[in-house]
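Coordinates from run-v6.pdb are shown below (PDB, C-alpha atoms, pLDDT in the B column).
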```
MODEL        1
ATOM      1  CA  MET A1440     -22.401  -6.387  -6.195  1.00 65.00           C
ATOM      2  CA  ASN A1441     -20.859  -8.427  -3.445  1.00 85.00           C
ATOM      3  CA  LEU A1442     -18.198  -7.561  -0.916  1.00 89.00           C
ATOM      4  CA  ILE A1443     -15.207  -8.235  -3.177  1.00 88.00           C
ATOM      5  CA  ASP A1444     -16.538  -5.796  -5.761  1.00 89.00           C
ATOM      6  CA  TRP A1445     -16.931  -3.146  -3.083  1.00 90.00           C
ATOM      7  CA  ILE A1446     -13.353  -3.695  -1.904  1.00 92.00           C
ATOM      8  CA  VAL A1447     -12.087  -3.471  -5.495  1.00 92.00           C
ATOM      9  CA  ASP A1448     -13.996  -0.234  -6.047  1.00 92.00           C
ATOM     10  CA  LEU A1449     -12.635   1.224  -2.820  1.00 94.00           C
ATOM     11  CA  LEU A1450      -9.033   0.344  -3.705  1.00 94.00           C
ATOM     12  CA  VAL A1451      -9.416   1.757  -7.218  1.00 94.00           C
ATOM     13  CA  LEU A1452     -10.852   4.952  -5.765  1.00 94.00           C
ATOM     14  CA  ALA A1453      -7.911   5.269  -3.363  1.00 95.00           C
ATOM     15  CA  GLY A1454      -5.460   4.627  -6.192  1.00 95.00           C
ATOM     16  CA  ALA A1455      -7.058   7.237  -8.433  1.00 95.00           C
ATOM     17  CA  THR A1456      -7.022   9.775  -5.605  1.00 95.00           C
ATOM     18  CA  LEU A1457      -3.337   9.156  -4.921  1.00 95.00           C
ATOM     19  CA  GLY A1458      -2.514   9.301  -8.627  1.00 94.00           C
ATOM     20  CA  ALA A1459      -4.309  12.636  -8.902  1.00 95.00           C
ATOM     21  CA  ILE A1460      -2.418  13.925  -5.839  1.00 94.00           C
ATOM     22  CA  ALA A1461       0.871  12.863  -7.406  1.00 94.00           C
ATOM     23  CA  ALA A1462       0.004  14.610 -10.675  1.00 94.00           C
ATOM     24  CA  ILE A1463      -1.020  17.802  -8.865  1.00 94.00           C
ATOM     25  CA  GLY A1464       2.214  17.665  -6.881  1.00 93.00           C
ATOM     26  CA  ILE A1465       4.401  17.224  -9.932  1.00 93.00           C
ATOM     27  CA  VAL A1466       2.768  20.214 -11.628  1.00 92.00           C
ATOM     28  CA  ARG A1467       2.501  22.592  -8.663  1.00 92.00           C
ATOM     29  CA  LEU A1468       5.544  22.009  -6.450  1.00 90.00           C
ATOM     30  CA  PRO A1469       8.378  24.503  -6.866  1.00 90.00           C
ATOM     31  CA  ASP A1470      11.472  22.356  -7.023  1.00 89.00           C
ATOM     32  CA  LEU A1471      12.884  19.201  -8.589  1.00 90.00           C
ATOM     33  CA  TYR A1472      13.477  17.581  -5.204  1.00 90.00           C
ATOM     34  CA  THR A1473      10.006  18.287  -3.813  1.00 91.00           C
ATOM     35  CA  ARG A1474       8.437  17.165  -7.091  1.00 91.00           C
ATOM     36  CA  MET A1475      10.424  13.957  -6.905  1.00 91.00           C
ATOM     37  CA  GLN A1476       9.092  13.315  -3.409  1.00 90.00           C
ATOM     38  CA  SER A1477       5.508  13.736  -4.631  1.00 89.00           C
ATOM     39  CA  ALA A1478       6.004  11.521  -7.675  1.00 89.00           C
ATOM     40  CA  THR A1479       7.706   8.707  -5.785  1.00 92.00           C
ATOM     41  CA  LYS A1480       5.573   8.414  -2.655  1.00 92.00           C
ATOM     42  CA  ALA A1481       2.081   9.196  -3.887  1.00 93.00           C
ATOM     43  CA  GLY A1482       2.669   7.623  -7.286  1.00 92.00           C
ATOM     44  CA  THR A1483       3.949   4.349  -5.862  1.00 94.00           C
ATOM     45  CA  LEU A1484       1.106   4.032  -3.358  1.00 94.00           C
ATOM     46  CA  GLY A1485      -1.498   4.835  -6.021  1.00 94.00           C
ATOM     47  CA  VAL A1486      -0.269   2.229  -8.471  1.00 95.00           C
ATOM     48  CA  ALA A1487       0.015  -0.285  -5.619  1.00 95.00           C
ATOM     49  CA  CYS A1488      -3.658   0.254  -4.727  1.00 95.00           C
ATOM     50  CA  VAL A1489      -4.818  -0.250  -8.319  1.00 95.00           C
ATOM     51  CA  ILE A1490      -2.672  -3.358  -8.903  1.00 95.00           C
ATOM     52  CA  LEU A1491      -3.860  -4.859  -5.602  1.00 95.00           C
ATOM     53  CA  ALA A1492      -7.448  -4.198  -6.702  1.00 94.00           C
ATOM     54  CA  ALA A1493      -6.777  -5.992  -9.984  1.00 93.00           C
ATOM     55  CA  GLY A1494      -5.313  -8.948  -8.082  1.00 93.00           C
ATOM     56  CA  ILE A1495      -8.263  -9.188  -5.693  1.00 93.00           C
ATOM     57  CA  ASP A1496     -10.734  -8.817  -8.551  1.00 91.00           C
ATOM     58  CA  SER A1497      -9.438 -11.939 -10.299  1.00 88.00           C
ATOM     59  CA  ARG A1498     -10.435 -14.139  -7.280  1.00 88.00           C
ATOM     60  CA  GLU A1499      -7.502 -16.460  -7.900  1.00 89.00           C
ATOM     61  CA  PRO A1500      -4.615 -16.856  -5.451  1.00 92.00           C
ATOM     62  CA  VAL A1501      -2.024 -17.150  -8.220  1.00 93.00           C
ATOM     63  CA  VAL A1502      -3.067 -13.872  -9.822  1.00 93.00           C
ATOM     64  CA  LEU A1503      -3.182 -12.204  -6.417  1.00 93.00           C
ATOM     65  CA  ALA A1504       0.369 -13.440  -5.798  1.00 94.00           C
ATOM     66  CA  GLU A1505       1.440 -11.956  -9.117  1.00 93.00           C
ATOM     67  CA  ALA A1506      -0.116  -8.633  -8.140  1.00 94.00           C
ATOM     68  CA  VAL A1507       1.721  -8.723  -4.817  1.00 95.00           C
ATOM     69  CA  LEU A1508       4.916  -9.462  -6.751  1.00 94.00           C
ATOM     70  CA  VAL A1509       4.367  -6.352  -8.876  1.00 94.00           C
ATOM     71  CA  ILE A1510       3.731  -4.267  -5.746  1.00 95.00           C
ATOM     72  CA  VAL A1511       6.826  -5.557  -3.951  1.00 95.00           C
ATOM     73  CA  PHE A1512       8.930  -4.881  -7.044  1.00 94.00           C
ATOM     74  CA  LEU A1513       7.604  -1.326  -7.264  1.00 94.00           C
ATOM     75  CA  PHE A1514       8.203  -0.700  -3.563  1.00 94.00           C
ATOM     76  CA  VAL A1515      11.791  -1.948  -3.838  1.00 94.00           C
ATOM     77  CA  THR A1516      12.809  -0.223  -7.069  1.00 94.00           C
ATOM     78  CA  SER A1517      10.991   3.106  -6.856  1.00 93.00           C
ATOM     79  CA  PRO A1518      13.045   4.582  -3.958  1.00 93.00           C
ATOM     80  CA  VAL A1519      16.239   3.339  -5.608  1.00 93.00           C
ATOM     81  CA  ALA A1520      15.389   5.053  -8.900  1.00 93.00           C
ATOM     82  CA  SER A1521      14.371   8.225  -7.089  1.00 93.00           C
ATOM     83  CA  HIS A1522      17.599   8.234  -5.103  1.00 92.00           C
ATOM     84  CA  LEU A1523      19.669   7.787  -8.266  1.00 92.00           C
ATOM     85  CA  ILE A1524      17.887  10.641 -10.021  1.00 92.00           C
ATOM     86  CA  GLY A1525      18.177  12.928  -7.004  1.00 90.00           C
ATOM     87  CA  ARG A1526      21.871  12.208  -6.617  1.00 89.00           C
ATOM     88  CA  ALA A1527      22.571  12.794 -10.299  1.00 90.00           C
ATOM     89  CA  ALA A1528      20.540  16.007 -10.278  1.00 89.00           C
ATOM     90  CA  TYR A1529      22.399  17.278  -7.207  1.00 88.00           C
ATOM     91  CA  SER A1530      25.764  16.455  -8.705  1.00 85.00           C
ATOM     92  CA  ILE A1531      25.056  18.344 -11.934  1.00 85.00           C
ATOM     93  CA  GLY A1532      23.765  21.319  -9.942  1.00 80.00           C
ATOM     94  CA  VAL A1533      20.007  21.479 -10.478  1.00 81.00           C
ATOM     95  CA  PRO A1534      18.896  24.585  -8.522  1.00 82.00           C
ATOM     96  CA  LYS A1535      17.080  24.180  -5.211  1.00 83.00           C
ATOM     97  CA  TRP A1536      14.018  26.088  -4.115  1.00 84.00           C
ATOM     98  CA  ASP A1537      14.992  29.482  -2.723  1.00 82.00           C
ATOM     99  CA  GLN A1538      13.307  28.681   0.603  1.00 82.00           C
ATOM    100  CA  THR A1539      15.244  25.459   1.142  1.00 80.00           C
ATOM    101  CA  PHE A1540      16.825  25.859   4.562  1.00 81.00           C
ATOM    102  CA  ARG A1541      18.558  22.557   5.191  1.00 81.00           C
ATOM    103  CA  ASP A1542      21.126  20.768   3.023  1.00 79.00           C
ATOM    104  CA  ASP A1543      22.965  18.013   4.836  1.00 78.00           C
ATOM    105  CA  PHE A1544      24.644  16.712   1.706  1.00 77.00           C
ATOM    106  CA  ALA A1545      26.417  20.048   1.111  1.00 77.00           C
ATOM    107  CA  ASP A1546      27.763  19.923   4.679  1.00 77.00           C
ATOM    108  CA  ASP A1547      29.042  16.395   4.056  1.00 76.00           C
ATOM    109  CA  ILE A1548      30.788  17.469   0.877  1.00 74.00           C
ATOM    110  CA  ALA A1549      32.297  20.499   2.631  1.00 73.00           C
ATOM    111  CA  THR A1550      33.692  18.424   5.507  1.00 72.00           C
ATOM    112  CA  ASP A1551      35.003  15.640   3.271  1.00 64.00           C
ATOM    113  CA  SER A1552      38.476  15.841   1.861  1.00 50.00           C
ATOM    114  CA  SER A1553      38.809  16.359  -1.863  1.00 51.00           C
ATOM    115  CA  THR A1554      40.213  12.871  -2.513  1.00 47.00           C
ATOM    116  CA  GLU A1555      37.190  11.226  -0.904  1.00 49.00           C
ATOM    117  CA  ARG A1556      34.878  13.418  -2.927  1.00 49.00           C
ATOM    118  CA  SER A1557      36.432  12.403  -6.216  1.00 50.00           C
ATOM    119  CA  SER A1558      36.458   8.715  -5.295  1.00 49.00           C
ATOM    120  CA  THR A1559      32.765   8.690  -4.357  1.00 51.00           C
ATOM    121  CA  ASP A1560      31.860  10.552  -7.496  1.00 51.00           C
ATOM    122  CA  ALA A1561      33.784   8.165  -9.709  1.00 48.00           C
ATOM    123  CA  ALA A1562      32.000   5.166  -8.205  1.00 46.00           C
TER
ATOM    124  CA  MET B  42     -22.753 -26.727 -40.949  1.00 52.00           C
ATOM    125  CA  ILE B  43     -24.712 -23.534 -40.461  1.00 55.00           C
ATOM    126  CA  ALA B  44     -26.625 -25.121 -37.649  1.00 55.00           C
ATOM    127  CA  SER B  45     -23.402 -26.087 -35.888  1.00 55.00           C
ATOM    128  CA  LEU B  46     -22.023 -22.572 -36.359  1.00 52.00           C
ATOM    129  CA  ALA B  47     -25.166 -21.125 -34.870  1.00 53.00           C
ATOM    130  CA  ALA B  48     -24.867 -23.505 -31.948  1.00 53.00           C
ATOM    131  CA  LEU B  49     -21.260 -22.448 -31.494  1.00 52.00           C
ATOM    132  CA  SER B  50     -22.132 -18.758 -31.576  1.00 53.00           C
ATOM    133  CA  THR B  51     -24.721 -19.233 -28.897  1.00 52.00           C
ATOM    134  CA  ASP B  52     -22.518 -21.484 -26.841  1.00 52.00           C
ATOM    135  CA  VAL B  53     -19.330 -19.446 -26.631  1.00 51.00           C
ATOM    136  CA  PRO B  54     -20.655 -16.289 -24.920  1.00 52.00           C
ATOM    137  CA  THR B  55     -22.529 -18.265 -22.292  1.00 52.00           C
ATOM    138  CA  LEU B  56     -19.423 -20.378 -21.689  1.00 49.00           C
ATOM    139  CA  LEU B  57     -17.239 -17.290 -21.287  1.00 52.00           C
ATOM    140  CA  ALA B  58     -19.769 -15.591 -19.046  1.00 51.00           C
ATOM    141  CA  ALA B  59     -19.918 -18.652 -16.830  1.00 47.00           C
ATOM    142  CA  GLU B  60     -16.132 -19.033 -16.673  1.00 52.00           C
ATOM    143  CA  ALA B  61     -14.646 -15.569 -16.353  1.00 57.00           C
ATOM    144  CA  HIS B  62     -15.920 -13.100 -13.815  1.00 66.00           C
ATOM    145  CA  VAL B  63     -15.928  -9.519 -15.057  1.00 74.00           C
ATOM    146  CA  HIS B  64     -16.146  -6.690 -12.611  1.00 76.00           C
ATOM    147  CA  PRO B  65     -19.375  -4.704 -12.991  1.00 75.00           C
ATOM    148  CA  MET B  66     -18.658  -1.445 -14.766  1.00 75.00           C
ATOM    149  CA  SER B  67     -19.359   0.803 -11.835  1.00 81.00           C
ATOM    150  CA  ARG B  68     -19.267   4.574 -11.786  1.00 87.00           C
ATOM    151  CA  ILE B  69     -16.155   4.515  -9.639  1.00 88.00           C
ATOM    152  CA  ILE B  70     -14.157   2.582 -12.240  1.00 90.00           C
ATOM    153  CA  VAL B  71     -15.180   4.960 -15.040  1.00 91.00           C
ATOM    154  CA  ALA B  72     -14.437   8.024 -12.914  1.00 93.00           C
ATOM    155  CA  SER B  73     -11.043   6.593 -11.914  1.00 93.00           C
ATOM    156  CA  THR B  74     -10.122   6.020 -15.552  1.00 93.00           C
ATOM    157  CA  ILE B  75     -11.016   9.633 -16.355  1.00 94.00           C
ATOM    158  CA  VAL B  76      -9.015  10.841 -13.345  1.00 94.00           C
ATOM    159  CA  PHE B  77      -5.974   8.891 -14.501  1.00 94.00           C
ATOM    160  CA  ALA B  78      -6.336  10.324 -18.009  1.00 94.00           C
ATOM    161  CA  ILE B  79      -6.380  13.876 -16.621  1.00 95.00           C
ATOM    162  CA  ALA B  80      -3.415  13.050 -14.381  1.00 94.00           C
ATOM    163  CA  ILE B  81      -1.464  11.768 -17.393  1.00 94.00           C
ATOM    164  CA  ALA B  82      -2.234  15.035 -19.208  1.00 94.00           C
ATOM    165  CA  ALA B  83      -0.901  17.012 -16.217  1.00 93.00           C
ATOM    166  CA  VAL B  84       2.270  14.917 -16.096  1.00 93.00           C
ATOM    167  CA  VAL B  85       2.787  15.473 -19.829  1.00 94.00           C
ATOM    168  CA  VAL B  86       2.572  19.216 -19.160  1.00 92.00           C
ATOM    169  CA  ARG B  87       5.447  18.873 -16.707  1.00 91.00           C
ATOM    170  CA  LEU B  88       7.281  16.612 -19.163  1.00 92.00           C
ATOM    171  CA  ILE B  89       7.166  19.328 -21.818  1.00 92.00           C
ATOM    172  CA  LYS B  90       7.721  22.291 -19.499  1.00 88.00           C
ATOM    173  CA  GLY B  91      10.301  20.852 -17.079  1.00 78.00           C
ATOM    174  CA  PRO B  92      13.232  23.258 -16.889  1.00 85.00           C
ATOM    175  CA  SER B  93      15.968  20.657 -16.609  1.00 87.00           C
ATOM    176  CA  LEU B  94      16.502  17.117 -17.830  1.00 89.00           C
ATOM    177  CA  PRO B  95      16.069  15.507 -14.341  1.00 90.00           C
ATOM    178  CA  ASP B  96      12.647  17.171 -14.123  1.00 92.00           C
ATOM    179  CA  ARG B  97      11.678  15.405 -17.312  1.00 92.00           C
ATOM    180  CA  VAL B  98      13.040  12.086 -16.060  1.00 92.00           C
ATOM    181  CA  VAL B  99      10.974  12.363 -12.858  1.00 93.00           C
ATOM    182  CA  ALA B 100       7.889  13.243 -14.913  1.00 94.00           C
ATOM    183  CA  LEU B 101       8.541  10.233 -17.142  1.00 93.00           C
ATOM    184  CA  ASP B 102       8.802   8.033 -14.045  1.00 93.00           C
ATOM    185  CA  LEU B 103       5.410   9.199 -12.780  1.00 94.00           C
ATOM    186  CA  LEU B 104       3.973   8.843 -16.288  1.00 94.00           C
ATOM    187  CA  GLY B 105       5.048   5.203 -16.246  1.00 94.00           C
ATOM    188  CA  PHE B 106       3.313   4.730 -12.887  1.00 94.00           C
ATOM    189  CA  GLN B 107       0.088   6.180 -14.257  1.00 95.00           C
ATOM    190  CA  VAL B 108       0.294   3.946 -17.321  1.00 94.00           C
ATOM    191  CA  ILE B 109       0.786   0.882 -15.106  1.00 95.00           C
ATOM    192  CA  SER B 110      -2.279   1.984 -13.135  1.00 95.00           C
ATOM    193  CA  LEU B 111      -4.259   2.185 -16.367  1.00 94.00           C
ATOM    194  CA  VAL B 112      -3.104  -1.331 -17.240  1.00 94.00           C
ATOM    195  CA  GLY B 113      -4.436  -2.479 -13.863  1.00 93.00           C
ATOM    196  CA  LEU B 114      -7.746  -0.764 -14.553  1.00 93.00           C
ATOM    197  CA  ALA B 115      -7.882  -2.482 -17.948  1.00 92.00           C
ATOM    198  CA  ALA B 116      -7.289  -5.800 -16.202  1.00 92.00           C
ATOM    199  CA  ILE B 117     -10.225  -5.077 -13.894  1.00 91.00           C
ATOM    200  CA  THR B 118     -12.668  -3.918 -16.557  1.00 90.00           C
ATOM    201  CA  SER B 119     -11.867  -6.584 -19.133  1.00 89.00           C
ATOM    202  CA  GLY B 120     -11.392  -9.469 -16.701  1.00 86.00           C
ATOM    203  CA  ARG B 121      -8.117 -10.490 -18.360  1.00 87.00           C
ATOM    204  CA  LYS B 122      -5.657 -11.762 -15.779  1.00 86.00           C
ATOM    205  CA  GLU B 123      -2.682 -11.766 -18.156  1.00 89.00           C
ATOM    206  CA  LEU B 124      -2.471  -7.984 -18.058  1.00 91.00           C
ATOM    207  CA  LEU B 125      -0.757  -8.141 -14.658  1.00 92.00           C
ATOM    208  CA  GLY B 126       2.256  -9.629 -16.428  1.00 92.00           C
ATOM    209  CA  VAL B 127       2.226  -6.585 -18.679  1.00 93.00           C
ATOM    210  CA  ALA B 128       2.260  -4.418 -15.557  1.00 93.00           C
ATOM    211  CA  LEU B 129       5.237  -6.331 -14.143  1.00 94.00           C
ATOM    212  CA  VAL B 130       7.283  -6.003 -17.337  1.00 94.00           C
ATOM    213  CA  ALA B 131       6.380  -2.319 -17.619  1.00 94.00           C
ATOM    214  CA  ALA B 132       7.584  -1.762 -14.038  1.00 94.00           C
ATOM    215  CA  ILE B 133      10.891  -3.513 -14.774  1.00 94.00           C
ATOM    216  CA  ILE B 134      11.481  -1.498 -17.955  1.00 95.00           C
ATOM    217  CA  LEU B 135      10.535   1.701 -16.125  1.00 94.00           C
ATOM    218  CA  PHE B 136      13.092   1.093 -13.393  1.00 94.00           C
ATOM    219  CA  LEU B 137      15.822   0.199 -15.881  1.00 95.00           C
ATOM    220  CA  GLY B 138      15.098   3.302 -17.946  1.00 94.00           C
ATOM    221  CA  THR B 139      15.196   5.591 -14.927  1.00 93.00           C
ATOM    222  CA  ALA B 140      18.431   4.052 -13.664  1.00 93.00           C
ATOM    223  CA  ALA B 141      19.996   4.391 -17.113  1.00 93.00           C
ATOM    224  CA  PHE B 142      18.939   8.046 -17.292  1.00 91.00           C
ATOM    225  CA  ALA B 143      20.422   8.667 -13.846  1.00 91.00           C
ATOM    226  CA  MET B 144      23.764   7.102 -14.810  1.00 91.00           C
ATOM    227  CA  PHE B 145      23.766   9.093 -18.052  1.00 91.00           C
ATOM    228  CA  LEU B 146      23.138  12.334 -16.166  1.00 88.00           C
ATOM    229  CA  GLN B 147      25.823  11.582 -13.595  1.00 86.00           C
ATOM    230  CA  ARG B 148      28.391  10.787 -16.269  1.00 86.00           C
ATOM    231  CA  ARG B 149      27.506  13.764 -18.432  1.00 81.00           C
ATOM    232  CA  GLY B 150      27.732  16.137 -15.484  1.00 68.00           C
ATOM    233  CA  HIS B 151      31.372  15.289 -14.807  1.00 62.00           C
ATOM    234  CA  GLU B 152      32.714  15.653 -18.319  1.00 58.00           C
TER
ENDMDL
END
```
For the structure just supplied, provide its representation as C-alpha cells.
Amino acid sequence: MNLIDWIVDLLVLAGATLGAIAAIGIVRLPDLYTRMQSATKAGTLGVACVILAAGIDSREPVVLAEAVLVIVFLFVTSPVASHLIGRAAYSIGVPKWDQTFRDDFADDIATDSSTERSSTDAA
Amino acid sequence: MIASLAALSTDVPTLLAAEAHVHPMSRIIVASTIVFAIAIAAVVVRLIKGPSLPDRVVALDLLGFQVISLVGLAAITSGRKELLGVALVAAIILFLGTAAFAMFLQRRGHE
C-alpha cells in the first residue's frame, strides 16, 4: 500500500463517518427543518469525500477532474434543493419543533403587506 | 485453435492487471460499505415513517446521496473509472427530482 491508497482509505473513512452522522441525524432529530440541515450538510460533505477518493484512486487527471465536477455540482445544487424544500414546507405549514425560539421568516411575512405576500408566493 | 484460446485466456488477465490499477480491498473499504448500507436502512426508516410529505422528500434526497456514495465506493473497489459518470448523472437527476417535488408541494399548498 502506497501513499495514494492511504489517502483514499482516509477519505472513504471520513465519507462513511459523515454519511453515518447524516443518517443518525435524519432519524433522531425532532423537526423537518433540523433534519433537513443534517441531511444537506453532512450528506453533501460525505458524498464529496467518497467521490474525491474515487477520483484520486484512478490516478488520472481527467478522472480526477470529473470527480471534482461531480463535487462542484453537488455543492451548488444541494443548498438550492434544500432551500426549495424548506420554503415549500414552510408555506404549506409543516409544524416546527416546540422549542423553536426564532422565526425570522414569520416576522417578514407579518411586516409585509398582503399584496407583496401574494406576489412572492405566486412567483 | 484451442492453443490460441488458451494463450488468450492466460494473456487477458495479466494484461488487465498490468493496465488497470485496482485499489487493495482494505478493511476500511469493506467497513465503509457496511456503514453506508446501515445508513441507507436508517434513511429508509425515515422515508417510511416521515409524518409529512416534505420529510419523505428530504429522506429521499439523503438516500440519493448515500447511493451516489455507494457508486463511488464501487468505482474504487472495481477500478472502473466510468462509474463517476453514473454518479454525475445520478446527482443531476436527484436535484431535478427534488426541485420538482418542491414545486409540486408549493403549488399544491396554495390550491
*Counting only C-alpha atoms, which residues of chain B come no farther than 8 Å from chain A, as a VMD selection string?*
chain B and resid 62 64 to 65 67 69 to 70 73 to 74 76 to 77 80 to 81 83 to 84 86 to 87 93 95 to 96 98 to 100 102 to 103 106 to 107 109 to 110 113 to 114 116 to 117 120 122 125 to 126 128 to 129 132 136 139 to 140 142 to 144 146 to 147 150 to 151
*Just give me the gap between atom CA of Ala72 of chain B and atom CA of Leu135 of chain B in Å, one decimal is fine.*
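The value is 26.0 Å.
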*One-decimal distance in Å that lies between atom CA of Gly105 of chain B and atom CA of Val127 of chain B*: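 Going from atom CA of Val127 of chain B over to atom CA of Gly105 of chain B, I get 12.4 Å.
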*asked:* What's the separation between atom CA of Lys1535 of chain A and atom CA of Gly138 of chain B, in Å to one decimal place?
replied: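 Computed distance, atom CA of Lys1535 of chain A to atom CA of Gly138 of chain B, equals 24.5 Å.
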Taking all atoms of segment 1543-1546 of chain A that the file lists, what box with edges along x, y and z, padded by 8 Å per side, do you get, with centre and edge lengths in Å to one decimal, as lines of an AutoDock Vina configuration file?
```
center_x = 25.4
center_y = 18.4
center_z = 3.0
size_x = 20.8
size_y = 19.3
size_z = 19.7
```
*Using all atoms listed in the file, which of B:Leu104, B:Ala131, B:Glu123, B:Met66 sits nearest Ile79 of chain B?*
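Under the stated criterion, the closest residue is B:Leu104.
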*Which residue gives the smallest distance to Arg149 of chain B among B:Ala82, B:Leu88, B:Ile75, B:Leu94, with only C-alpha atoms counted?*
B:Leu94
